file final_12.txt (compact mmCIF, C-alpha atoms)
# COMPACT_ATOMS: atom_id res chain seq x y z
CA MET A 61 98.57 114.10 90.14
CA ALA A 62 99.84 113.88 93.67
CA TYR A 63 103.23 115.21 92.68
CA GLY A 64 104.38 118.79 92.92
CA HIS A 65 107.72 120.54 92.85
CA TYR A 66 108.28 120.19 89.11
CA ASP A 67 110.80 123.01 89.34
CA THR A 68 112.97 121.03 91.75
CA ALA A 69 112.87 117.81 89.72
CA GLY A 70 116.40 118.30 88.41
CA VAL A 71 117.82 118.80 91.88
CA ALA A 72 115.95 115.81 93.25
CA ALA A 73 117.20 113.63 90.40
CA ARG A 74 120.76 114.32 91.41
CA ARG A 75 120.34 113.91 95.13
CA HIS A 76 117.49 111.46 95.58
CA ARG A 77 118.53 108.53 97.73
CA ALA A 78 116.39 105.43 98.10
CA ILE A 79 117.39 103.06 100.90
CA LYS A 80 116.09 99.50 101.11
CA ILE A 81 115.36 97.71 104.39
CA LEU A 82 114.20 94.11 104.38
CA LEU A 83 111.64 92.61 106.72
CA ALA A 84 111.66 88.82 106.93
CA GLY A 85 109.40 86.52 108.86
CA GLY A 86 106.91 83.71 108.56
CA PHE A 87 103.25 84.05 107.69
CA GLY A 88 101.18 85.78 110.35
CA VAL A 89 104.16 87.11 112.29
CA GLY A 90 103.09 90.74 111.86
CA LYS A 91 105.11 92.00 108.87
CA THR A 92 102.19 93.83 107.29
CA THR A 93 101.24 95.30 110.66
CA LEU A 94 104.75 96.56 111.32
CA VAL A 95 105.14 98.10 107.87
CA GLY A 96 101.74 99.77 108.24
CA ALA A 97 102.57 101.10 111.72
CA VAL A 98 105.63 103.05 110.66
CA SER A 99 105.28 103.80 106.96
CA GLU A 100 102.99 104.82 104.18
CA ILE A 101 101.97 101.35 103.03
CA LYS A 102 101.54 100.82 99.32
CA PRO A 103 100.22 97.92 97.26
CA LEU A 104 102.90 96.07 95.33
CA ARG A 105 102.56 92.96 93.23
CA THR A 106 105.33 90.82 91.94
CA GLU A 107 105.51 87.46 90.26
CA GLU A 108 106.45 84.17 91.72
CA PRO A 109 107.68 81.58 89.25
CA LEU A 110 106.22 78.21 90.11
CA THR A 111 109.50 76.36 89.96
CA GLU A 112 109.96 72.62 90.22
CA ARG A 113 110.32 73.09 93.95
CA GLY A 114 107.12 75.12 94.08
CA VAL A 115 105.27 72.55 92.03
CA ARG A 116 106.16 69.88 94.54
CA THR A 117 105.13 71.89 97.58
CA ASP A 118 102.03 73.60 96.25
CA SER A 119 98.79 72.06 95.22
CA ILE A 120 98.27 73.37 91.73
CA ALA A 121 96.22 70.52 90.37
CA GLY A 122 94.35 71.75 87.34
CA VAL A 123 96.61 74.74 86.72
CA GLU A 124 99.77 72.85 85.80
CA ARG A 125 100.44 75.05 82.81
CA LYS A 126 100.49 78.32 84.69
CA THR A 127 104.13 78.99 85.41
CA THR A 128 104.00 82.28 87.25
CA THR A 129 101.60 83.60 89.79
CA THR A 130 101.18 87.09 91.15
CA VAL A 131 101.95 87.60 94.82
CA ALA A 132 101.43 90.65 96.98
CA MET A 133 104.42 92.00 98.84
CA ASP A 134 104.48 94.14 101.94
CA PHE A 135 105.88 97.43 100.79
CA GLY A 136 106.04 100.72 102.61
CA ARG A 137 107.90 103.97 102.20
CA ILE A 138 109.09 106.41 104.82
CA THR A 139 110.01 109.84 103.52
CA LEU A 140 112.72 110.99 105.90
CA ARG A 141 113.51 114.02 103.79
CA GLU A 142 112.58 115.07 100.31
CA ASP A 143 115.78 113.50 99.02
CA LEU A 144 116.04 110.55 101.42
CA VAL A 145 113.42 107.81 101.37
CA LEU A 146 113.39 104.46 103.17
CA TYR A 147 111.68 101.55 101.44
CA LEU A 148 110.55 98.63 103.57
CA PHE A 149 110.07 95.31 101.83
CA GLY A 150 108.55 92.32 103.53
CA THR A 151 108.24 88.92 101.93
CA PRO A 152 107.52 85.56 103.45
CA GLY A 153 110.46 83.70 104.90
CA GLN A 154 110.09 80.45 103.03
CA GLU A 155 112.88 79.33 100.77
CA ARG A 156 110.70 79.49 97.70
CA PHE A 157 110.65 83.28 98.00
CA TRP A 158 114.43 83.64 98.01
CA PHE A 159 114.41 84.70 94.37
CA MET A 160 112.89 87.96 95.58
CA TRP A 161 115.31 88.37 98.45
CA ASP A 162 118.32 88.07 96.18
CA GLU A 163 117.35 91.24 94.42
CA LEU A 164 116.00 93.04 97.45
CA ALA A 165 119.17 92.35 99.41
CA LEU A 166 121.47 93.94 96.84
CA GLY A 167 122.52 97.31 98.23
CA ALA A 168 120.10 97.05 101.16
CA LEU A 169 120.92 98.81 104.41
CA GLY A 170 120.07 95.69 106.38
CA ALA A 171 117.31 93.38 107.49
CA ILE A 172 114.86 92.88 110.31
CA VAL A 173 113.88 89.32 111.15
CA LEU A 174 110.47 89.52 112.77
CA ALA A 175 109.87 86.52 115.00
CA ASP A 176 107.01 85.09 116.99
CA THR A 177 108.28 83.35 120.12
CA ARG A 178 105.56 80.71 119.74
CA ARG A 179 107.02 79.75 116.35
CA LEU A 180 110.68 80.66 116.55
CA ALA A 181 111.71 78.00 114.04
CA ASP A 182 109.91 79.94 111.30
CA CYS A 183 112.73 82.46 111.24
CA PHE A 184 115.64 79.98 110.95
CA PRO A 185 115.77 80.14 107.12
CA ALA A 186 115.82 83.95 107.14
CA ILE A 187 118.63 84.06 109.70
CA ASP A 188 120.65 81.53 107.68
CA TYR A 189 120.05 83.55 104.54
CA PHE A 190 121.28 86.85 105.98
CA GLU A 191 124.23 85.25 107.75
CA ARG A 192 125.37 83.49 104.56
CA ARG A 193 125.21 86.71 102.57
CA ASP A 194 126.78 88.84 105.27
CA ILE A 195 123.78 91.18 105.40
CA PRO A 196 123.53 92.97 108.75
CA PHE A 197 120.29 92.12 110.55
CA ILE A 198 118.58 92.27 113.91
CA ILE A 199 115.84 90.17 115.51
CA ALA A 200 112.57 91.81 116.50
CA LEU A 201 110.30 89.70 118.70
CA ASN A 202 106.70 90.61 118.13
CA CYS A 203 105.12 90.31 121.56
CA PHE A 204 101.68 88.98 120.82
CA GLU A 205 99.21 89.34 123.63
CA GLY A 206 99.07 86.19 125.66
CA ALA A 207 102.37 84.92 124.29
CA ARG A 208 104.98 84.13 126.87
CA ARG A 209 107.56 86.90 127.10
CA TYR A 210 110.84 85.19 126.59
CA ALA A 211 113.99 86.80 127.79
CA ALA A 212 116.14 87.98 124.92
CA ASP A 213 118.94 85.73 126.18
CA ASP A 214 116.74 82.65 125.92
CA VAL A 215 115.92 83.54 122.33
CA ARG A 216 119.58 84.18 121.59
CA ILE A 217 120.45 80.71 122.79
CA ALA A 218 117.50 79.13 120.97
CA LEU A 219 118.49 80.80 117.71
CA ASP A 220 122.25 80.34 118.29
CA LEU A 221 122.93 84.02 117.66
CA ASP A 222 126.07 86.07 118.00
CA PRO A 223 126.25 87.87 121.40
CA ASP A 224 126.50 91.25 119.62
CA LEU A 225 123.40 90.76 117.54
CA PRO A 226 120.58 92.99 118.81
CA ILE A 227 117.31 91.37 119.83
CA VAL A 228 114.45 93.77 120.52
CA MET A 229 110.97 93.18 121.83
CA CYS A 230 108.34 95.04 119.87
CA ASP A 231 104.67 95.60 119.38
CA ALA A 232 104.26 95.62 115.62
CA ARG A 233 101.05 97.64 115.94
CA SER A 234 102.77 100.58 117.59
CA LYS A 235 104.46 103.27 115.52
CA GLU A 236 106.89 104.11 118.33
CA SER A 237 107.81 100.46 118.75
CA ALA A 238 108.28 99.93 115.01
CA LYS A 239 110.42 103.09 114.86
CA GLU A 240 112.56 101.71 117.68
CA VAL A 241 113.09 98.50 115.70
CA LEU A 242 114.29 100.49 112.67
CA ILE A 243 116.53 102.68 114.83
CA THR A 244 118.06 99.57 116.43
CA LEU A 245 118.83 98.19 112.97
CA VAL A 246 120.49 101.39 111.73
CA GLU A 247 122.52 101.69 114.95
CA HIS A 248 123.62 98.07 114.53
CA VAL A 249 124.62 98.66 110.90
CA LEU A 250 126.62 101.72 111.97
CA SER A 251 128.36 99.70 114.69
CA VAL A 252 129.41 96.93 112.29
CA ALA A 253 130.17 99.21 109.31
CA ASP A 254 133.79 99.48 108.32
CA GLU A 255 135.52 102.51 109.73
CA PRO A 256 135.72 105.30 107.18
CA VAL A 257 139.02 105.66 105.36
CA SER A 258 139.10 109.42 105.90
CA SER A 259 137.61 111.22 108.87
CA SER A 260 134.96 113.16 107.01
CA GLY A 261 132.18 112.30 109.43
CA ILE A 262 129.48 114.74 110.50
CA MET U 50 108.38 69.35 81.09
CA PRO U 51 111.28 71.40 79.69
CA SER U 52 113.38 72.71 82.55
CA ASN U 53 114.58 76.00 81.08
CA ASP U 54 113.21 79.25 82.46
CA GLU U 55 111.34 80.12 79.33
CA ARG U 56 109.50 76.88 78.95
CA TRP U 57 106.16 78.68 78.77
CA LEU U 58 107.24 80.24 75.46
CA ASP U 59 107.04 76.77 73.98
CA ALA U 60 104.25 76.13 71.51
CA GLU U 61 102.60 73.88 74.04
CA ALA U 62 102.59 76.53 76.72
CA GLY U 63 99.26 77.17 78.30
CA PRO U 64 97.81 80.51 79.22
CA VAL U 65 100.25 82.91 80.76
CA VAL U 66 99.14 85.26 83.51
CA ARG U 67 97.25 88.09 81.89
CA PRO U 68 99.47 91.05 82.80
CA TYR U 69 102.03 89.70 80.36
CA ALA U 70 99.64 90.32 77.50
CA LEU U 71 100.69 93.95 77.98
CA THR U 72 104.29 93.02 77.31
CA ARG U 73 103.34 90.86 74.36
CA GLY U 74 104.52 87.81 76.22
CA ARG U 75 107.96 89.08 77.14
CA THR U 76 109.14 88.25 80.64
CA ARG U 77 112.63 89.72 80.34
CA HIS U 78 113.43 93.26 79.42
CA ALA U 79 116.06 94.47 77.00
CA GLY U 80 119.20 96.34 78.00
CA GLU U 81 120.97 96.78 81.30
CA ALA U 82 119.33 95.44 84.47
CA PHE U 83 118.06 97.96 86.99
CA ASP U 84 117.29 97.83 90.67
CA LEU U 85 113.78 98.13 92.01
CA VAL U 86 114.71 101.32 93.83
CA ALA U 87 116.45 102.78 90.76
CA THR U 88 115.16 106.26 89.93
CA VAL U 89 113.26 106.81 86.70
CA THR U 90 113.04 110.25 85.10
CA THR U 91 111.58 111.33 81.78
CA THR U 92 114.10 112.75 79.35
CA GLY U 93 111.68 115.12 77.63
CA GLY U 94 112.20 113.22 74.38
CA ARG U 95 109.41 113.10 71.81
CA VAL U 96 107.61 109.96 70.71
CA ALA U 97 108.04 109.45 66.98
CA ASP U 98 105.17 107.02 66.76
CA PRO U 99 102.65 107.41 69.60
CA GLY U 100 100.92 104.29 68.34
CA ALA U 101 103.89 102.24 69.53
CA LEU U 102 103.00 103.02 73.13
CA ALA U 103 100.34 101.26 75.18
CA PRO U 104 98.20 103.28 77.59
CA GLU U 105 100.27 101.73 80.38
CA HIS U 106 103.45 103.17 78.84
CA ILE U 107 101.81 106.59 78.96
CA SER U 108 100.80 106.12 82.62
CA VAL U 109 104.38 105.20 83.50
CA LEU U 110 105.73 108.22 81.61
CA GLN U 111 103.38 110.54 83.47
CA LEU U 112 104.55 109.22 86.85
CA ALA U 113 108.20 109.62 85.85
CA ARG U 114 107.83 113.32 85.11
CA VAL U 115 109.30 113.72 88.57
CA PRO U 116 112.08 111.32 89.60
CA THR U 117 110.28 108.22 90.85
CA THR U 118 111.55 104.80 91.85
CA VAL U 119 110.68 101.65 89.93
CA VAL U 120 108.69 100.24 92.90
CA ASP U 121 106.70 103.43 93.37
CA ILE U 122 105.74 103.33 89.71
CA ALA U 123 104.74 99.66 89.93
CA SER U 124 102.62 100.39 92.98
CA ASP U 125 100.99 103.48 91.48
CA VAL U 126 100.08 101.88 88.15
CA ASP U 127 99.03 98.70 89.99
CA LEU U 128 100.88 96.29 87.73
CA PRO U 129 103.30 93.55 88.79
CA LEU U 130 106.92 94.62 89.08
CA GLY U 131 108.08 92.37 86.24
CA VAL U 132 105.59 93.94 83.85
CA VAL U 133 106.54 97.47 84.85
CA ARG U 134 110.21 96.67 84.32
CA ILE U 135 109.52 95.63 80.75
CA LEU U 136 107.47 98.77 80.09
CA LEU U 137 110.28 100.89 81.55
CA ALA U 138 112.91 99.16 79.43
CA ASP U 139 110.76 99.84 76.34
CA LEU U 140 110.62 103.52 77.26
CA ARG U 141 114.36 103.58 77.88
CA GLU U 142 114.98 102.02 74.48
CA LEU U 143 112.86 104.77 72.90
CA GLY U 144 114.94 107.38 74.72
CA LEU U 145 111.96 108.59 76.75
CA VAL U 146 113.23 107.79 80.24
CA ALA U 147 116.56 107.58 82.03
CA ILE U 148 116.98 104.97 84.78
CA ARG U 149 119.58 105.77 87.42
CA ALA U 150 121.02 103.17 89.78
CA PRO U 151 120.39 103.78 93.49
CA VAL U 152 123.28 105.28 95.43
CA PRO U 153 124.67 102.13 97.04
CA ALA U 154 124.76 99.85 94.04
CA LYS U 155 126.74 97.20 95.90
CA PRO U 156 126.10 95.46 99.22
CA ARG U 157 127.25 97.20 102.38
CA GLN U 158 128.28 100.39 100.70
CA ILE U 159 125.91 102.84 102.30
CA ASP U 160 128.27 105.46 103.69
CA ARG U 161 128.27 106.34 107.36
CA ASN U 162 127.01 109.85 106.74
CA THR U 163 123.92 108.53 105.00
CA LEU U 164 123.39 106.02 107.83
CA ARG U 165 123.57 108.86 110.35
CA GLU U 166 121.09 110.87 108.30
CA VAL U 167 118.72 107.90 108.26
CA LEU U 168 119.08 107.52 112.03
CA HIS U 169 118.42 111.20 112.57
CA GLY U 170 115.41 111.09 110.25
CA LEU U 171 113.93 108.06 112.02
CA ARG U 172 114.33 109.64 115.46
CA ALA U 173 112.50 112.73 114.20
CA LEU U 174 109.50 110.76 112.89
call {"tool": "encode", "arguments": {"input": "final_12.txt", "output": "structure tokens"}}
result
Amino acid sequence: MAYGHYDTAGVAARRHRAIKILLAGGFGVGKTTLVGAVSEIKPLRTEEPLTERGVRTDSIAGVERKTTTTVAMDFGRITLREDLVLYLFGTPGQERFWFMWDELALGALGAIVLADTRRLADCFPAIDYFERRDIPFIIALNCFEGARRYAADDVRIALDLDPDLPIVMCDARSKESAKEVLITLVEHVLSVADEPVSSSGI
Amino acid sequence: MPSNDERWLDAEAGPVVRPYALTRGRTRHAGEAFDLVATVTTTGGRVADPGALAPEHISVLQLARVPTTVVDIASDVDLPLGVVRILLADLRELGLVAIRAPVPAKPRQIDRNTLREVLHGLRAL
């Protein structure tokens, strides 16, 4: 067993905090790379119901009777402290995966929309989703080699984003860069969070 | 094709994905819903009838000897989340595990102190 500290289990049970962060983006945008750069990546499988919508968009000729299929999710954990763990969840940005997002989004700290400037439109559904649900998010532009470096302002206009919404350039392969993306998100969440009722801050 | 969610339970249903054989075909668990970052801990309760448990139940119980989240268990036993949820609900029903909701159970309720701790932790990585 890879687990120790049996004697502290009771304490950990009381204080353990698990924080969810969502990572949205189209196929091939670098979600797996980013999760792997900054966290201990773990295999996670979930099930995708092949709904009526899915049946229309997927070719499942010959397997019409199979109504769920197993899909791999990007999942990583970052142990910040023994009692404070960040969980990163990445799933594809298509609408047919929203059933997963609905659960992931509940109680989440916020979301990162990872975008590829060559295919900016891929992240429109994710942006709409987070805006509609009032989930704080930022945009991270994965700067693929050879891709034109767009100015953040151009992307802001193209995506019709709020002037206060952070847009960061990143290299999803780099731990430092991925860390910076996460830090930008948490700072953004802090800046939009409601002011505390009492002044009990650190 | 029937449009309800459980259409595959119909007599005409074809083969269901194999992991659900472990749950004897159930796709929904009993009792209160729990988040995928809810913390699972064994209660120390005894199993009256060990035969009622599948080997996968035992694997899950072993992982939960220290407080462990639902997703970590699913990843470590290498079973789909939905299957692990059903196994966990079985164990909860038998009084063998307790499942605690994560701290912010509602959207946008992570307190500022926790956010600052997260920020500090990330900067120190």
call {"tool": "residues_around", "arguments": {"input": "final_12.txt", "residues": "region 93-97 of chain U", "least_positions_apart": "3", "cutoff": "9 Å", "atoms": "all atoms listed in the file", "output": "ChimeraX atom specification"}}
result
/U:100-102,114,143-146
call {"tool": "closest_residue", "arguments": {"input": "final_12.txt", "among": "U:Gly74, U:Pro99, U:Gly131, U:Pro104", "to": "chain A", "atoms": "only C-alpha atoms"}}
result
U:Gly131
call {"tool": "residues_near_point", "arguments": {"input": "final_12.txt", "point": "(106.3, 97.2, 101.4)", "cutoff": "12 Å", "atoms": "only C-alpha atoms", "output": "count of residues only"}}
result
40
call {"tool": "residues_near_point", "arguments": {"input": "final_12.txt", "point": "(124.8, 109.4, 109.2)", "cutoff": "12 Å", "atoms": "all atoms listed in the file", "output": "ChimeraX atom specification"}}
result
/A:144,246-247,249-251,253,256,260-262 /U:159-171
call {"tool": "residues_around", "arguments": {"input": "final_12.txt", "residues": "region 87-91 of chain U", "least_positions_apart": "5", "cutoff": "6 Å", "atoms": "all atoms listed in the file", "output": "list in words"}}
result
Ala113, Arg114, Pro116, Thr117, Thr118, Val119, Leu145, Val146, Ala147, Ile148, Arg149, Ala150 and Pro151 of chain U
call {"tool": "atom_distance", "arguments": {"input": "final_12.txt", "atom1": "CA of His248 (chain A)", "atom2": "CA of Ala171 (chain A)"}}
result
10.6 Å
call {"tool": "residues_around", "arguments": {"input": "final_12.txt", "residues": "Gly170 (chain A)", "least_positions_apart": "4", "cutoff": "6 Å", "atoms": "all atoms listed in the file", "output": "PyMOL selection string"}}
result
chain A and resi 81+195-197
call {"tool": "atom_distance", "arguments": {"input": "final_12.txt", "atom1": "CA of Asp143 (chain A)", "atom2": "CA of Leu169 (chain A)"}}
result
16.5 Å
call {"tool": "closest_residue", "arguments": {"input": "final_12.txt", "among": "U:Leu112, U:Ala103, U:Leu136, U:Ala70", "to": "chain A", "atoms": "only C-alpha atoms"}}
result
U:Leu112
call {"tool": "closest_residue", "arguments": {"input": "final_12.txt", "among": "U:Ala82, U:Ile135, U:Val115, U:Ile122", "to": "chain A", "atoms": "only C-alpha atoms"}}
result
U:Val115
call {"tool": "closest_residue", "arguments": {"input": "final_12.txt", "among": "U:Val86, U:Val133, U:Ile107, U:Leu174", "to": "Leu71 (chain U)", "atoms": "only C-alpha atoms"}}
result
U:Val133
call {"tool": "atom_distance", "arguments": {"input": "final_12.txt", "atom1": "CA of Asp127 (chain U)", "atom2": "CA of Thr130 (chain A)"}}
result
11.9 Å
call {"tool": "closest_residue", "arguments": {"input": "final_12.txt", "among": "A:Leu245, A:Ile187, A:Met160, A:Ala78", "to": "chain U", "atoms": "only C-alpha atoms"}}
result
A:Ala78
